[in-house]
$ cat upload_1.txt   # compact mmCIF, C-alpha atoms
# COMPACT_ATOMS: atom_id res chain seq x y z
CA MET A 1 -26.09 15.91 2.12
CA SER A 2 -23.23 14.01 0.51
CA SER A 3 -23.65 10.35 -0.36
CA VAL A 4 -22.44 7.71 2.09
CA SER A 5 -21.30 4.26 0.99
CA ALA A 6 -19.75 1.16 2.52
CA PRO A 7 -18.92 -2.38 1.43
CA ARG A 8 -21.81 -4.70 2.11
CA TYR A 9 -19.94 -6.62 4.80
CA LEU A 10 -20.00 -3.59 7.10
CA THR A 11 -23.81 -3.53 7.03
CA ARG A 12 -23.65 -7.03 8.56
CA PHE A 13 -21.11 -6.16 11.24
CA GLN A 14 -21.95 -6.46 14.92
CA CYS A 15 -19.31 -6.43 17.64
CA LEU A 16 -18.92 -9.86 19.25
CA ALA A 17 -17.77 -8.24 22.53
CA ASP A 18 -16.67 -10.89 25.03
CA ALA A 19 -17.32 -13.68 22.49
CA CYS A 20 -14.55 -12.36 20.20
CA GLU A 21 -11.35 -14.40 19.95
CA ASP A 22 -9.28 -11.21 20.28
CA THR A 23 -9.73 -7.80 21.85
CA CYS A 24 -9.33 -4.42 20.22
CA CYS A 25 -8.45 -3.08 23.70
CA ALA A 26 -4.87 -4.37 23.64
CA GLY A 27 -1.53 -3.38 22.24
CA LEU A 28 -2.33 0.13 21.03
CA VAL A 29 -2.05 3.51 22.69
CA VAL A 30 -5.49 5.13 22.64
CA PRO A 31 -5.38 8.91 22.14
CA VAL A 32 -8.08 11.10 23.68
CA SER A 33 -8.96 14.43 22.10
CA ASP A 34 -9.44 17.49 24.27
CA ALA A 35 -13.19 17.50 23.57
CA ARG A 36 -13.62 13.81 24.41
CA TRP A 37 -11.49 14.17 27.54
CA ARG A 38 -13.84 16.88 28.80
CA ILE A 39 -16.90 14.76 28.02
CA LEU A 40 -15.43 11.77 29.84
CA ARG A 41 -14.62 13.82 32.94
CA ASP A 42 -18.14 15.28 32.91
CA VAL A 43 -19.73 11.82 32.56
CA VAL A 44 -17.93 10.36 35.57
CA ALA A 45 -17.89 13.54 37.71
CA GLY A 46 -19.07 13.00 41.27
CA GLY A 47 -19.15 9.24 40.88
CA PRO A 48 -16.94 6.33 41.95
CA ASP A 49 -14.99 6.35 38.66
CA ALA A 50 -13.89 9.98 38.70
CA ALA A 51 -10.62 9.26 40.54
CA ARG A 52 -9.94 6.25 38.31
CA VAL A 53 -10.35 8.31 35.14
CA GLN A 54 -8.08 10.97 36.57
CA ALA A 55 -5.41 8.35 37.32
CA LEU A 56 -5.65 6.35 34.08
CA VAL A 57 -6.22 9.06 31.46
CA LEU A 58 -3.05 11.12 31.39
CA PRO A 59 -2.05 14.31 29.55
CA ASP A 60 0.02 13.73 26.45
CA PRO A 61 2.96 16.12 26.75
CA GLY A 62 3.83 15.64 23.10
CA SER A 63 0.56 16.94 21.67
CA GLY A 64 -0.79 19.55 24.06
CA SER A 65 -4.40 20.59 23.74
CA GLY A 66 -6.12 19.55 20.53
CA ALA A 67 -6.47 16.30 18.66
CA GLU A 68 -4.48 14.17 21.11
CA ALA A 69 -4.57 15.98 24.43
CA ALA A 70 -4.35 12.79 26.47
CA TYR A 71 -3.96 9.04 26.28
CA ILE A 72 -5.30 6.02 28.15
CA THR A 73 -2.68 4.05 30.05
CA LYS A 74 -2.14 0.33 29.52
CA ARG A 75 -1.68 -2.43 32.05
CA GLU A 76 1.49 -4.51 32.22
CA ASP A 77 -0.13 -7.14 29.99
CA GLY A 78 -0.65 -4.52 27.27
CA ASN A 79 -4.42 -4.33 27.70
CA CYS A 80 -6.29 -1.07 28.18
CA SER A 81 -6.61 -0.08 31.82
CA PHE A 82 -10.41 0.00 31.48
CA LEU A 83 -10.73 -3.55 30.10
CA ASP A 84 -12.57 -5.66 32.68
CA GLU A 85 -12.34 -9.35 33.49
CA ARG A 86 -15.02 -10.19 30.90
CA LYS A 87 -12.99 -8.55 28.10
CA LEU A 88 -15.46 -5.66 28.03
CA CYS A 89 -14.85 -1.93 28.32
CA ALA A 90 -15.81 -0.78 31.81
CA LEU A 91 -16.46 2.75 30.57
CA HIS A 92 -18.76 1.63 27.77
CA ARG A 93 -20.60 -0.82 30.00
CA LYS A 94 -21.37 1.83 32.63
CA TYR A 95 -21.73 5.04 30.64
CA GLY A 96 -22.38 4.07 27.05
CA GLU A 97 -20.79 5.09 23.76
CA VAL A 98 -20.64 8.77 24.73
CA ALA A 99 -17.80 8.06 27.18
CA LEU A 100 -15.53 6.49 24.56
CA PRO A 101 -12.61 8.23 22.83
CA ASP A 102 -13.03 8.61 19.09
CA ALA A 103 -10.69 5.72 18.26
CA CYS A 104 -12.70 3.31 20.41
CA ALA A 105 -16.09 4.50 19.17
CA MET A 106 -15.04 4.23 15.51
CA PHE A 107 -13.16 0.92 15.54
CA PRO A 108 -13.26 -1.18 13.41
CA ARG A 109 -14.82 1.38 11.06
CA VAL A 110 -12.73 3.86 9.11
CA ALA A 111 -14.45 6.90 7.61
CA THR A 112 -12.98 8.95 4.77
CA ARG A 113 -14.39 11.88 2.83
CA ARG A 114 -13.47 11.86 -0.84
CA ALA A 115 -14.70 14.57 -3.20
CA GLY A 116 -17.62 15.32 -0.90
CA ARG A 117 -18.60 11.67 -0.45
CA LEU A 118 -18.26 9.72 2.77
CA GLU A 119 -16.78 6.23 2.45
CA VAL A 120 -16.81 3.80 5.36
CA THR A 121 -14.58 0.71 5.38
CA GLY A 122 -13.44 -1.80 7.98
CA SER A 123 -10.14 -2.58 9.67
CA PHE A 124 -8.70 -6.08 9.45
CA GLY A 125 -7.48 -5.69 13.03
CA CYS A 126 -10.96 -6.95 13.96
CA PRO A 127 -11.56 -10.70 13.48
CA GLU A 128 -15.26 -10.25 12.73
CA VAL A 129 -14.51 -7.72 9.97
CA VAL A 130 -12.04 -10.20 8.47
CA ARG A 131 -14.61 -12.98 8.62
CA LEU A 132 -17.33 -10.91 6.98
CA CYS A 133 -15.02 -9.45 4.33
CA LEU A 134 -13.14 -12.60 3.29
CA LEU A 135 -15.85 -15.23 3.33
CA ALA A 136 -18.90 -13.76 1.55
CA GLU A 137 -18.75 -13.45 -2.22
CA ASP A 138 -20.76 -10.20 -2.17
CA ALA A 139 -18.86 -8.72 0.79
CA LEU A 140 -17.26 -5.85 -1.13
CA GLU A 141 -20.24 -4.64 -3.14
CA GLN A 142 -20.55 -0.91 -2.45
CA VAL A 143 -23.96 -0.02 -1.06
CA PRO A 144 -25.53 3.25 0.16
CA VAL A 145 -25.69 3.48 3.95
CA ASP A 146 -26.69 5.96 6.61
CA ALA A 147 -23.90 8.17 7.97
CA SER A 148 -24.54 6.71 11.43
CA LEU A 149 -22.76 3.54 10.28
CA ALA A 150 -19.52 5.49 10.67
CA ALA A 151 -20.34 6.01 14.39
CA ARG A 152 -18.83 9.53 14.39
CA PRO A 153 -18.86 10.74 10.78
CA GLU A 154 -17.90 14.24 11.89
CA ILE A 155 -14.33 13.10 12.53
CA ALA A 156 -13.90 11.38 9.15
CA ARG A 157 -10.57 11.95 7.49
CA VAL A 158 -10.84 14.39 4.61
CA LEU A 159 -8.77 13.68 1.50
CA GLY A 160 -8.05 17.01 -0.12
CA ASP A 161 -7.77 18.00 -3.74
CA GLU A 162 -5.04 20.57 -3.36
CA ASP A 163 -2.65 19.00 -5.89
CA ALA A 164 -2.63 16.78 -8.96
CA TRP A 165 -1.57 13.74 -6.90
CA SER A 166 -4.86 13.97 -4.98
CA VAL A 167 -7.09 15.32 -7.75
CA HIS A 168 -6.52 12.30 -10.00
CA SER A 169 -6.41 9.64 -7.28
CA GLU A 170 -10.02 8.55 -7.77
CA ARG A 171 -9.41 7.71 -11.42
CA VAL A 172 -6.26 5.75 -10.63
CA ARG A 173 -7.91 3.84 -7.79
CA ALA A 174 -10.91 2.94 -9.94
CA VAL A 175 -8.68 1.35 -12.59
CA ALA A 176 -6.69 -0.51 -9.93
CA LEU A 177 -9.87 -1.94 -8.40
CA ARG A 178 -11.09 -3.12 -11.78
CA ILE A 179 -7.76 -4.87 -12.40
CA LEU A 180 -8.08 -6.69 -9.07
CA GLU A 181 -11.51 -7.97 -10.15
CA ARG A 182 -10.14 -9.50 -13.39
CA ARG A 183 -10.69 -13.05 -12.21
CA GLU A 184 -9.77 -14.57 -15.55
CA HIS A 185 -6.15 -13.95 -14.55
CA PRO A 186 -4.31 -15.38 -11.52
CA PHE A 187 -3.94 -13.09 -8.52
CA ALA A 188 -0.17 -12.84 -8.99
CA SER A 189 -0.70 -11.64 -12.56
CA ARG A 190 -3.11 -8.97 -11.35
CA LEU A 191 -0.53 -7.69 -8.88
CA PHE A 192 1.99 -7.58 -11.72
CA MET A 193 -0.51 -5.59 -13.81
CA LEU A 194 -0.82 -3.10 -10.95
CA GLY A 195 2.96 -2.93 -10.74
CA GLU A 196 3.27 -2.24 -14.45
CA LEU A 197 0.56 0.42 -14.25
CA ALA A 198 2.47 2.02 -11.38
CA ARG A 199 5.75 1.84 -13.32
CA ARG A 200 4.24 3.64 -16.29
CA LEU A 201 2.68 6.30 -14.06
CA GLY A 202 5.90 6.78 -12.13
CA PRO A 203 7.69 9.36 -14.33
CA PHE A 204 4.86 11.90 -14.13
CA TYR A 205 2.33 10.90 -11.45
CA PHE A 206 3.69 10.88 -7.89
CA ARG A 207 3.40 12.85 -4.69
CA GLY A 208 4.58 16.41 -5.28
CA THR A 209 4.41 16.15 -9.07
CA GLU A 210 4.61 19.41 -10.99
CA VAL A 211 4.16 17.80 -14.40
CA PHE A 212 0.44 18.52 -14.50
CA ARG A 213 1.18 22.22 -14.77
CA GLU A 214 2.32 21.43 -18.30
CA GLU A 215 0.08 20.87 -21.28
CA GLY A 216 -0.54 17.24 -22.17
CA ALA A 217 -0.03 15.67 -18.71
CA GLU A 218 -3.71 14.93 -18.15
CA ALA A 219 -3.98 13.43 -21.62
CA LEU A 220 -1.01 11.19 -20.84
CA LEU A 221 -2.67 10.05 -17.61
CA THR A 222 -5.91 9.33 -19.46
CA GLN A 223 -4.08 7.36 -22.13
CA THR A 224 -2.10 5.34 -19.57
CA LEU A 225 -5.20 4.45 -17.57
CA ALA A 226 -7.11 3.52 -20.73
CA THR A 227 -4.32 1.12 -21.70
CA PHE A 228 -4.95 -0.85 -18.52
CA GLU A 229 -8.65 -1.13 -19.28
CA ASP A 230 -7.78 -3.01 -22.48
CA PRO A 231 -8.18 -6.81 -22.08
CA GLU A 232 -5.48 -7.46 -24.70
CA THR A 233 -2.94 -5.40 -22.75
CA LEU A 234 -3.76 -7.26 -19.55
CA ALA A 235 -3.60 -10.64 -21.30
CA ALA A 236 -0.15 -9.77 -22.67
CA LEU A 237 1.07 -8.79 -19.19
CA HIS A 238 -0.27 -12.07 -17.79
CA ALA A 239 1.56 -14.01 -20.51
CA ALA A 240 4.77 -12.11 -19.80
CA VAL A 241 4.77 -12.70 -16.04
CA SER A 242 3.74 -16.34 -16.49
CA GLN A 243 6.98 -16.98 -18.36
CA VAL A 244 9.11 -15.77 -15.45
CA SER A 245 10.44 -18.53 -13.23
CA LEU A 246 12.66 -17.65 -10.28
CA PRO A 247 13.98 -19.76 -7.39
CA GLY A 248 11.51 -19.93 -4.52
CA GLY A 249 14.08 -19.90 -1.72
CA PRO A 250 14.47 -16.09 -1.65
CA TRP A 251 10.69 -15.68 -1.50
CA ALA A 252 10.43 -18.08 1.44
CA GLY A 253 13.36 -16.36 3.15
CA ILE A 254 11.70 -12.95 2.90
CA CYS A 255 8.41 -14.22 4.32
CA GLY A 256 10.12 -15.98 7.20
CA MET A 257 12.20 -12.89 7.97
CA VAL A 258 9.05 -10.77 8.41
CA LEU A 259 7.48 -13.20 10.87
CA ARG A 260 10.67 -13.87 12.84
CA SER A 261 11.24 -10.14 13.30
CA ARG A 262 7.97 -9.86 15.23
CA VAL A 263 8.27 -12.92 17.48
CA GLY A 264 9.29 -11.55 20.85
CA ALA A 265 8.47 -7.98 19.82
CA VAL A 266 4.71 -8.48 20.22
CA GLY A 267 3.25 -9.00 23.68
CA SER A 268 0.18 -10.95 22.52
CA GLU A 269 0.33 -14.63 23.57
CA ARG A 270 -2.18 -15.44 20.83
CA PHE A 271 0.12 -13.97 18.19
CA SER A 272 3.26 -15.56 19.63
CA GLY A 273 1.70 -19.03 19.73
CA TRP A 274 0.44 -18.71 16.18
CA ALA A 275 3.74 -17.34 14.84
CA ARG A 276 5.80 -20.08 16.47
CA ALA A 277 3.45 -22.75 15.12
CA VAL A 278 3.81 -21.38 11.59
CA LEU A 279 7.59 -21.27 11.84
CA ALA A 280 7.67 -24.79 13.29
CA SER A 281 5.59 -26.10 10.37
CA TYR A 282 8.37 -24.98 8.02
CA GLY A 283 11.15 -26.61 10.03
CA GLY A 284 11.77 -23.97 12.68
CA PRO A 285 13.32 -20.47 12.67
CA GLN A 286 16.68 -21.75 11.41
CA ALA A 287 15.33 -23.78 8.46
CA ALA A 288 17.07 -23.20 5.13
CA PRO A 289 14.96 -21.09 2.74
CA ASP A 290 15.11 -23.72 -0.01
CA ASP A 291 13.75 -26.34 2.40
CA VAL A 292 11.01 -23.96 3.52
CA TRP A 293 10.09 -23.33 -0.10
CA ALA A 294 9.91 -27.07 -0.79
CA ARG A 295 7.42 -27.54 2.05
CA TYR A 296 5.39 -24.56 0.93
CA ALA A 297 5.32 -25.68 -2.70
CA ALA A 298 4.20 -29.18 -1.76
CA ARG A 299 1.31 -27.83 0.32
CA ARG A 300 0.29 -25.41 -2.38
CA ALA A 301 0.27 -28.18 -5.00
CA ARG A 302 -2.01 -30.20 -2.70
CA LEU A 303 -4.40 -27.39 -1.78
CA GLU A 304 -4.67 -25.43 -5.04
CA PRO A 305 -6.60 -27.96 -7.18
CA VAL A 306 -9.19 -28.48 -4.43
CA LEU A 307 -9.61 -25.11 -2.73
CA GLY A 308 -7.72 -22.67 -4.95
CA ALA A 309 -10.81 -20.64 -5.80
CA ARG A 310 -11.57 -20.13 -2.12
CA VAL A 311 -8.03 -19.00 -1.39
CA GLU A 312 -8.14 -16.65 -4.38
CA GLN A 313 -11.25 -15.00 -2.91
CA TYR A 314 -9.44 -14.33 0.37
CA PHE A 315 -6.61 -12.51 -1.38
CA ARG A 316 -8.79 -10.62 -3.82
CA HIS A 317 -11.00 -9.35 -1.01
CA HIS A 318 -8.01 -8.45 1.15
CA ALA A 319 -6.43 -6.45 -1.69
CA VAL A 320 -9.63 -4.63 -2.64
CA ASN A 321 -10.35 -3.74 0.97
CA HIS A 322 -6.77 -2.49 1.32
CA TRP A 323 -7.25 -0.06 -1.59
CA LEU A 324 -10.51 1.13 -0.02
CA ARG A 325 -9.14 1.36 3.52
CA HIS A 326 -5.67 2.83 2.91
CA PRO A 327 -5.45 5.74 0.43
CA PHE A 328 -2.52 5.17 -1.92
CA THR A 329 -1.86 8.91 -1.79
CA ASP A 330 -0.30 8.36 1.64
CA ALA A 331 2.59 6.67 -0.19
CA PRO A 332 5.22 8.59 -2.17
CA SER A 333 4.27 6.79 -5.37
CA VAL A 334 1.80 4.23 -6.70
CA LEU A 335 4.68 1.78 -7.16
CA ASP A 336 5.68 2.07 -3.51
CA TYR A 337 2.08 1.30 -2.54
CA VAL A 338 1.76 -1.70 -4.88
CA PHE A 339 5.14 -3.11 -3.84
CA LYS A 340 4.10 -3.13 -0.18
CA LEU A 341 0.76 -4.70 -1.09
CA ALA A 342 2.64 -7.49 -2.90
CA LEU A 343 4.86 -8.02 0.15
CA ARG A 344 1.83 -8.23 2.43
CA ALA A 345 0.17 -10.73 0.11
CA ALA A 346 3.31 -12.88 -0.03
CA VAL A 347 3.62 -13.04 3.75
CA LEU A 348 -0.09 -13.79 4.10
CA ARG A 349 0.07 -16.67 1.62
CA TRP A 350 3.12 -18.09 3.38
CA VAL A 351 1.62 -17.95 6.88
CA LEU A 352 -1.69 -19.37 5.65
CA LEU A 353 0.02 -22.47 4.28
CA GLY A 354 2.01 -22.72 7.49
CA HIS A 355 -1.06 -22.62 9.72
CA PRO A 356 -1.35 -25.96 11.57
CA THR A 357 -4.94 -26.44 10.40
CA VAL A 358 -3.97 -25.96 6.74
CA VAL A 359 -0.92 -28.20 7.12
CA ALA A 360 -3.20 -30.93 8.48
CA LEU A 361 -5.63 -30.46 5.57
CA CYS A 362 -2.79 -30.80 3.07
CA GLU A 363 -1.71 -34.05 4.67
CA ARG A 364 -5.15 -35.66 4.28
CA ASP A 365 -5.48 -38.40 1.68
CA ASP A 366 -9.17 -37.59 1.22
CA LEU A 367 -8.90 -33.81 0.85
CA ALA A 368 -12.06 -32.51 -0.82
CA ALA A 369 -13.95 -29.23 -0.87
CA THR A 370 -16.57 -30.34 1.65
CA PRO A 371 -18.37 -27.82 3.88
CA GLU A 372 -16.36 -29.11 6.86
CA VAL A 373 -13.01 -28.71 5.11
CA ARG A 374 -13.91 -25.29 3.79
CA ALA A 375 -14.98 -24.18 7.27
CA GLN A 376 -11.61 -25.26 8.67
CA LEU A 377 -9.75 -23.40 5.92
CA ASP A 378 -11.91 -20.31 6.46
CA ALA A 379 -11.18 -20.28 10.19
CA ALA A 380 -7.44 -20.57 9.57
CA ALA A 381 -7.57 -17.77 7.01
CA VAL A 382 -9.43 -15.43 9.36
CA GLU A 383 -6.82 -16.00 12.07
CA CYS A 384 -3.90 -15.46 9.66
CA PHE A 385 -5.28 -12.31 8.04
CA GLN A 386 -6.35 -10.73 11.33
CA LEU A 387 -3.15 -11.43 13.25
CA SER A 388 -1.09 -10.28 10.29
CA ALA A 389 -3.08 -7.04 10.01
CA LYS A 390 -2.75 -6.32 13.71
CA HIS A 391 0.88 -7.30 14.30
CA LEU A 392 2.71 -7.56 10.95
CA GLU A 393 1.34 -5.33 8.22
CA GLN A 394 1.81 -1.99 9.94
CA SER A 395 5.06 -2.88 11.70
CA SER A 396 8.16 -0.77 11.17
CA GLU A 397 10.07 -3.96 10.36
CA LEU A 398 7.84 -4.69 7.35
CA HIS A 399 8.06 -1.12 6.06
CA THR A 400 11.85 -1.08 6.42
CA LEU A 401 12.12 -4.41 4.62
CA ALA A 402 9.82 -3.22 1.83
CA GLN A 403 11.90 -0.10 1.37
CA GLY A 404 15.10 -2.13 1.14
CA LEU A 405 13.64 -4.74 -1.20
CA SER A 406 12.10 -2.20 -3.56
CA GLY A 407 15.21 -0.05 -3.78
CA GLY A 408 13.15 2.95 -2.74
CA ALA A 409 10.50 2.33 -5.41
CA GLY A 410 13.01 3.20 -8.13
CA PRO A 411 13.01 2.03 -11.75
CA ASP A 412 14.13 -1.49 -10.81
CA SER A 413 11.32 -2.00 -8.28
CA LEU A 414 9.06 -3.92 -10.68
CA PRO A 415 11.69 -6.60 -11.49
CA ARG A 416 12.31 -6.92 -7.75
CA MET A 417 8.58 -7.37 -7.22
CA LEU A 418 8.72 -10.51 -9.35
CA VAL A 419 10.49 -12.22 -6.43
CA LEU A 420 7.44 -11.51 -4.24
CA LEU A 421 5.09 -12.98 -6.82
CA GLN A 422 6.80 -16.40 -6.92
CA GLY A 423 4.72 -17.87 -4.13
CA LEU A 424 1.46 -16.27 -5.18
$ encode --input "upload_1.txt" --output "structure tokens"
Amino acid sequence: MSSVSAPRYLTRFQCLADACEDTCCAGLVVPVSDARWRILRDVVAGGPDAARVQALVLPDPGSGSGAEAAYITKREDGNCSFLDERKLCALHRKYGEVALPDACAMFPRVATRRAGRLEVTGSFGCPEVVRLCLLAEDALEQVPVDASLAARPEIARVLGDEDAWSVHSERVRAVALRILERREHPFASRLFMLGELARRLGPFYFRGTEVFREEGAEALLTQTLATFEDPETLAALHAAVSQVSLPGGPWAGICGMVLRSRVGAVGSERFSGWARAVLASYGGPQAAPDDVWARYAARRARLEPVLGARVEQYFRHHAVNHWLRHPFTDAPSVLDYVFKLALRAAVLRWVLLGHPTVVALCERDDLAATPEVRAQLDAAAVECFQLSAKHLEQSSELHTLAQGLSGGAGPDSLPRMLVLLQGL
């Protein structure tokens, strides 16, 4: 049997059900495989829910029989049709886990097979996963687990090894994760190091590369990766990026643009209220970017000396979990992947310092790293990271903006990334 691993935080996870501040049963279309559709119909056959299942689980004309033979309809409020008044799944409550589609049974777990190993990670769309991942220092330690932690390990995504892009991905990811753990350097510097690594890999290591058919390509990859294991190289990159000083207005404008694009496009009242509060804290949707930057910079200067280490942990854990959760091989290049990670981090930092709780903390004359203050900051961070993951990070608006900002991950993408690092 292949080994199974997961970050430690997942071993502590337990669904909060109706006590959760959000629900995973809203906003998304839930696909139902042909096999699970048959099981569901068999489970409810002859009972009072048979007609309801027939009416609310509809064939998906776009997929036919197979992986997505059907889908579960949503109510007008965007919630799943089977969500009851207690914010619980009526199917699960009556019939157990066997009645659930794969997506519902797995969430918030994500299972991936890599080189014969099974890796289980968590989705930041779940508030409890965010809490467990961000707040515990040991949250991301990889530990052996039983395959049952994945709920349905048989449907784990399999990452192939059919080309050089995939074959060498483990080595590249391992170096990237070690860079992210270099706590002697600021988080922004570590993102720049990842960007520079991606830039140097770009000419020969990308999706569809044919270079590895030639002699010497693997040696070049080995040499490039080894360079970024060298503390002196990383220190020089930190010194170089530390000397760069750009106006903050463009950074603030980009972050505000991402959030404004989603207000009104997302049906969640919780998201809308949060987004409008963040925008209001910066002077409203029409505030000038330079004015927004001034407010942000003042809050950061107030918070950083007192709680900077705590904030750094949030962003380090978010970035590491992102590399574990989302294979970079889904992107066309490592630079494209890193650029989008930098954009996500920038928006997250901006919304965190615009959260009403954090604004109030920054306005306190007696701000200190007390347990009470840290608990307030933690709660604000969990809300920002979870709402961003659910409604911002995977949005088409963010991906389109990233593509435009990066210039298609071309040779000038790394200089453009420096703009995103200004607020980090």
$ closest_residue --input "upload_1.txt" --among "A:Ile39, A:Gly256, A:Gln14, A:Gly308" --to "A:Gly283" --atoms "only C-alpha atoms"
A:Gly256
$ closest_residue --input "upload_1.txt" --among "A:Leu259, A:Val311, A:Val338, A:Leu197" --to "A:Leu221" --atoms "only C-alpha atoms"
A:Leu197
$ closest_residue --input "upload_1.txt" --among "A:Gly408, A:Ser189, A:His355, A:Phe271" --to "A:Leu421" --atoms "only C-alpha atoms"
A:Ser189
$ residues_around --input "upload_1.txt" --residues "A:Val347" --least-positions-apart "2" --cutoff "8 Å" --atoms "only C-alpha atoms" --output "ChimeraX atom specification"
/A:255-256,258,343-345,349-351
$ residues_around --input "upload_1.txt" --residues "A:Ala198" --least-positions-apart "2" --cutoff "12 Å" --atoms "only C-alpha atoms" --output "PyMOL selection string"
chain A and resi 172-173+175-176+191-196+200-206+221+224-225+228+328+332-339+409-411+413-414+417
$ residues_around --input "upload_1.txt" --residues "A:Val44" --least-positions-apart "2" --cutoff "10 Å" --atoms "only C-alpha atoms" --output "PDB file with C-alpha atoms, in the coordinates of the input"
ATOM      1  CA  ILE A  39     -16.900  14.760  28.020  1.00  0.00           C
ATOM      2  CA  LEU A  40     -15.430  11.770  29.840  1.00  0.00           C
ATOM      3  CA  ARG A  41     -14.620  13.820  32.940  1.00  0.00           C
ATOM      4  CA  ASP A  42     -18.140  15.280  32.910  1.00  0.00           C
ATOM      5  CA  GLY A  46     -19.070  13.000  41.270  1.00  0.00           C
ATOM      6  CA  GLY A  47     -19.150   9.240  40.880  1.00  0.00           C
ATOM      7  CA  PRO A  48     -16.940   6.330  41.950  1.00  0.00           C
ATOM      8  CA  ASP A  49     -14.990   6.350  38.660  1.00  0.00           C
ATOM      9  CA  ALA A  50     -13.890   9.980  38.700  1.00  0.00           C
ATOM     10  CA  ALA A  51     -10.620   9.260  40.540  1.00  0.00           C
ATOM     11  CA  ARG A  52      -9.940   6.250  38.310  1.00  0.00           C
ATOM     12  CA  VAL A  53     -10.350   8.310  35.140  1.00  0.00           C
ATOM     13  CA  GLN A  54      -8.080  10.970  36.570  1.00  0.00           C
ATOM     14  CA  LEU A  91     -16.460   2.750  30.570  1.00  0.00           C
ATOM     15  CA  LYS A  94     -21.370   1.830  32.630  1.00  0.00           C
ATOM     16  CA  TYR A  95     -21.730   5.040  30.640  1.00  0.00           C
ATOM     17  CA  ALA A  99     -17.800   8.060  27.180  1.00  0.00           C
TER      18      ALA A  99
END
$ axis_aligned_box --input "upload_1.txt" --around "stretch 263-280 of chain A" --padding-each-side "6 Å" --output "JSON"
{"center_x": 3.6, "center_y": -16.4, "center_z": 17.6, "size_x": 23.5, "size_y": 28.8, "size_z": 24.1}
$ closest_residue --input "upload_1.txt" --among "A:Gly284, A:Pro59, A:Pro144, A:Gly78" --to "A:Gly27" --atoms "all atoms listed in the file"
A:Gly78
$ residues_near_point --input "upload_1.txt" --point "(-6.8, -7.7, 1.0)" --cutoff "9 Å" --atoms "all atoms listed in the file" --output "VMD selection string"
chain A and resid 124 134 314 to 323 341 344 to 345 385
$ decode --input "upload_1.txt" --residues "stretch 190-203 of chain A" --atoms "N, CA and C atoms" --output "mmCIF file, in the first residue's frame"
data_model
loop_
_atom_site.group_PDB
_atom_site.id
_atom_site.type_symbol
_atom_site.label_atom_id
_atom_site.label_comp_id
_atom_site.auth_asym_id
_atom_site.auth_seq_id
_atom_site.Cartn_x
_atom_site.Cartn_y
_atom_site.Cartn_z
ATOM 1 N N ARG A 190 10.716 36.280 0.192
ATOM 2 C CA ARG A 190 10.580 34.865 -0.178
ATOM 3 C C ARG A 190 9.753 34.715 -1.457
ATOM 4 N N LEU A 191 8.718 35.526 -1.609
ATOM 5 C CA LEU A 191 7.963 35.488 -2.856
ATOM 6 C C LEU A 191 8.837 35.927 -4.031
ATOM 7 N N PHE A 192 9.688 36.927 -3.806
ATOM 8 C CA PHE A 192 10.597 37.358 -4.860
ATOM 9 C C PHE A 192 11.578 36.242 -5.215
ATOM 10 N N MET A 193 12.063 35.522 -4.205
ATOM 11 C CA MET A 193 12.953 34.385 -4.466
ATOM 12 C C MET A 193 12.254 33.339 -5.332
ATOM 13 N N LEU A 194 10.996 33.067 -5.027
ATOM 14 C CA LEU A 194 10.232 32.121 -5.850
ATOM 15 C C LEU A 194 10.079 32.643 -7.271
ATOM 16 N N GLY A 195 9.844 33.953 -7.390
ATOM 17 C CA GLY A 195 9.719 34.544 -8.712
ATOM 18 C C GLY A 195 11.007 34.438 -9.508
ATOM 19 N N GLU A 196 12.134 34.659 -8.844
ATOM 20 C CA GLU A 196 13.420 34.564 -9.535
ATOM 21 C C GLU A 196 13.727 33.109 -9.912
ATOM 22 N N LEU A 197 13.402 32.183 -9.024
ATOM 23 C CA LEU A 197 13.542 30.765 -9.373
ATOM 24 C C LEU A 197 12.714 30.447 -10.614
ATOM 25 N N ALA A 198 11.468 30.916 -10.625
ATOM 26 C CA ALA A 198 10.590 30.660 -11.764
ATOM 27 C C ALA A 198 11.129 31.300 -13.042
ATOM 28 N N ARG A 199 11.700 32.501 -12.909
ATOM 29 C CA ARG A 199 12.258 33.175 -14.094
ATOM 30 C C ARG A 199 13.401 32.376 -14.693
ATOM 31 N N ARG A 200 14.264 31.848 -13.828
ATOM 32 C CA ARG A 200 15.407 31.091 -14.325
ATOM 33 C C ARG A 200 14.989 29.735 -14.901
ATOM 34 N N LEU A 201 13.920 29.175 -14.379
ATOM 35 C CA LEU A 201 13.417 27.906 -14.922
ATOM 36 C C LEU A 201 12.680 28.116 -16.244
ATOM 37 N N GLY A 202 12.146 29.318 -16.426
ATOM 38 C CA GLY A 202 11.245 29.582 -17.542
ATOM 39 C C GLY A 202 11.709 29.178 -18.922
ATOM 40 N N PRO A 203 12.978 29.411 -19.304
ATOM 41 C CA PRO A 203 13.392 29.108 -20.680
ATOM 42 C C PRO A 203 13.372 27.621 -21.036
#
